[in-house]
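**Student:** There's a structure below that I have some questions on.
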Amino acid sequence: MKVGILGSGDVGKVLAAGFLKHGHEVRIGTRTPDKLAEWGQKNPRVRIGSFGDSATFAEIIVLAVKGTVATEALRAAGVASLAGKIVIDTTNPIADAPPTNGVLKFFTDLDQSLMERLQREFENVRFVKAFNSVGSTCIVNPQFKGGTPTMFICGNDDAAKRAVAGILAQFGWETADMGKAEAARAIEPLCMLWCISGFLHNDWVHAFKLLTTSS
Ligand SMILES: NC(=O)c1ccc[n+]([C@@H]2O[C@H](COP(=O)([O-])OP(=O)(O)OC[C@H]3O[C@@H](n4cnc5c(N)ncnc54)[C@H](OP(=O)(O)O)[C@@H]3O)[C@@H](O)[C@H]2O)c1
């Protein structure tokens, strides 16, 4: 698939390399391509350009920017280039204020997630929340003693979620589909929970696993 990444932070770069590893074509978008010059030399098969270049090129898009600017980045990518496409939403609504005792502050509340806001503004985009509740170093084919980790996902479009579950399987994850966009109200705060042991104990290598009685 042709994958367009919006975002040049750790998540964007790790996912770009992961998609390449699994045989996809990748373009990464940033406001300042120069800042990726060194990374680009190490990853010569990834094309670097603007948010718009990535979105236009892509069959499937990954949104990996700071939560506070998610809307701005999608607008910069271009509404027409996003229309009808799957957008894997990795973002978290982390506020600029510092954490309290290791607990991040959000600019959303439990009755409204960031992904729902994005879905409302970009109506014909097929958003799927994924990859938001694990650290960037554990995103691509992580190895845990406890076995295959679980990625909680949600979104309004079932076909889009099936496509993302396929990608997650390639990346070494099992998928727990939590339903429609509203479920992002529960999935986004998993990032708070995930980060606490990092802030309190400097443990940044872990993931969630859903245990069930079914096989
Ligand atoms: N870091 C992790 O381990 C991790 C794990 C899971 C999920 N997440 C979530 O994934 C997202 C990306 O995280 P990250 O750590 O990779 O990067 P980040 O530092 O949160 O964000 C960097 C990206 O935000 C973009 N950005 C900043 N201000 C902007 C603006 N005014 N307009 C448009 N774009 C702007 C930057 O664009 P330029 O390239 O143009 O500078 C850059 O691509 C976040 O929402 C985060 O909560 C992070």
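Going by the structure tokens order, chains are called A, B, ..., each with residues numbered from 1, while ligands are numbered from 1 in the order shown.
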Quick one: everything within 10 Å of Ala159 of chain A, counting only C-alpha atoms, minus sequence neighbours fewer than 4 positions away in the same chain. Send it as an MDAnalysis selection string.

**Tutor:** chainID A and resid 86 126 155 163:165

**Student:** Taking only C-alpha atoms and all ligand atoms into account, which residues have an atom no farther than 6 Å from ligand 1? I'd like them as a list in words.

**Tutor:**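 For ligand 1, the residues inside 6 Å are Gly7, Ser8, Gly9, Asp10, Val11, Gly12, Thr30, Arg31, Thr32, Ala64, Val65, Lys66, Gly67, Val69, Glu72, Ala73, Thr90, Thr91, Asn92, Phe131, Asn132, Ser133, Val134, Gly135 and Ser136 of chain A.
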
**Student:** Can you tell me, as a PyMOL selection string, which residues in segment 5-175 of chain A count as alpha helix (DSSP H) by DSSP?

**Tutor:** chain A and resi 10-21+37-42+51-57+70-77+79-82+114-121+158-170

**Student:** When you look at Ile187 of chain A with a cut-off of 9 Å (counting only C-alpha atoms), what residues show up, excluding the ones that are within fewer than 5 positions of it in the same chain? I need them as a list in words.

**Tutor:**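 Here the qualifying residues turn out to be Ser113, Lys129, Ala130, Asn132, Ser133, Phe152, Ile153, Cys154 and Met178 of chain A.
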
**Student:** Per DSSP on the backbone, filter segment 76-114 of chain A down to the residues in strand (DSSP E or B) and report them as a PyMOL selection string.

**Tutor:** chain A and resi 86-89+94+100+103+106+109+112

**Student:** For a quick check of understanding, using only C-alpha atoms, which of A:Met151, A:Leu168, A:Ala186, A:Met1 has the smallest distance to Ile60 of chain A?

**Tutor:**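 Using only C-alpha atoms, the shortest distance to Ile60 of chain A belongs to A:Met1.
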
**Student:** Can you list, as a ChimeraX atom specification, every protein, DNA or RNA residue that comes within 12 Å of Leu114 of chain A when you count only C-alpha atoms, leaving out same-chain residues fewer than 3 positions away?

**Tutor:** /A:66-71,89-95,106-111,117-121,127-129,132,181-189

**Student:** Write out as a list in words each polymer residue whose atoms come within 8 Å of Glu25 of chain A, counting only C-alpha atoms; drop sequence neighbours fewer than 3 positions from it.

**Tutor:**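 Those residues are Met1, Lys2, Val3, Phe19, Leu20 and Val46 of chain A.
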
**Student:** Would you save the residues of that selection, restricted to all heavy atoms, as a CSV table (one decimal), in the first residue's frame?

**Tutor:**
```csv
chain,number,residue,atom,x,y,z
A,1,MET,N,0.8,-1.2,0.0
A,1,MET,CA,0.0,0.0,0.0
A,1,MET,C,0.9,1.3,0.0
A,1,MET,O,2.0,1.2,0.4
A,1,MET,CB,-0.9,0.0,1.3
A,1,MET,CG,-2.2,-0.7,1.1
A,1,MET,SD,-3.2,-0.6,2.5
A,1,MET,CE,-2.2,-1.1,3.8
A,2,LYS,N,0.3,2.3,-0.5
A,2,LYS,CA,1.0,3.6,-0.4
A,2,LYS,C,0.5,4.3,0.9
A,2,LYS,O,-0.6,4.6,1.1
A,2,LYS,CB,0.6,4.5,-1.6
A,2,LYS,CG,1.1,4.0,-2.9
A,2,LYS,CD,0.6,4.9,-4.0
A,2,LYS,CE,1.3,4.5,-5.3
A,2,LYS,NZ,0.8,5.3,-6.4
A,3,VAL,N,1.5,4.5,1.8
A,3,VAL,CA,1.2,5.0,3.1
A,3,VAL,C,1.8,6.5,3.3
A,3,VAL,O,3.0,6.7,3.0
A,3,VAL,CB,1.9,4.1,4.2
A,3,VAL,CG1,1.5,4.7,5.6
A,3,VAL,CG2,1.4,2.7,4.1
A,19,PHE,N,6.4,0.5,8.2
A,19,PHE,CA,5.7,0.3,6.9
A,19,PHE,C,6.6,-0.2,5.8
A,19,PHE,O,6.3,-1.1,5.0
A,19,PHE,CB,4.8,1.5,6.6
A,19,PHE,CG,3.5,1.6,7.3
A,19,PHE,CD1,3.3,2.5,8.3
A,19,PHE,CD2,2.5,0.7,6.9
A,19,PHE,CE1,2.1,2.6,8.9
A,19,PHE,CE2,1.2,0.8,7.6
A,19,PHE,CZ,1.0,1.7,8.6
A,20,LEU,N,7.8,0.5,5.8
A,20,LEU,CA,8.8,0.1,4.7
A,20,LEU,C,9.2,-1.3,4.9
A,20,LEU,O,9.2,-2.1,4.0
A,20,LEU,CB,10.0,1.0,4.9
A,20,LEU,CG,10.2,2.1,4.0
A,20,LEU,CD1,11.7,2.6,4.1
A,20,LEU,CD2,10.0,1.8,2.5
A,46,VAL,N,12.3,6.3,2.0
A,46,VAL,CA,11.2,7.1,2.4
A,46,VAL,C,11.2,8.4,1.8
A,46,VAL,O,12.3,9.1,1.9
A,46,VAL,CB,11.1,7.2,4.0
A,46,VAL,CG1,9.9,8.1,4.4
A,46,VAL,CG2,11.0,5.9,4.6
```
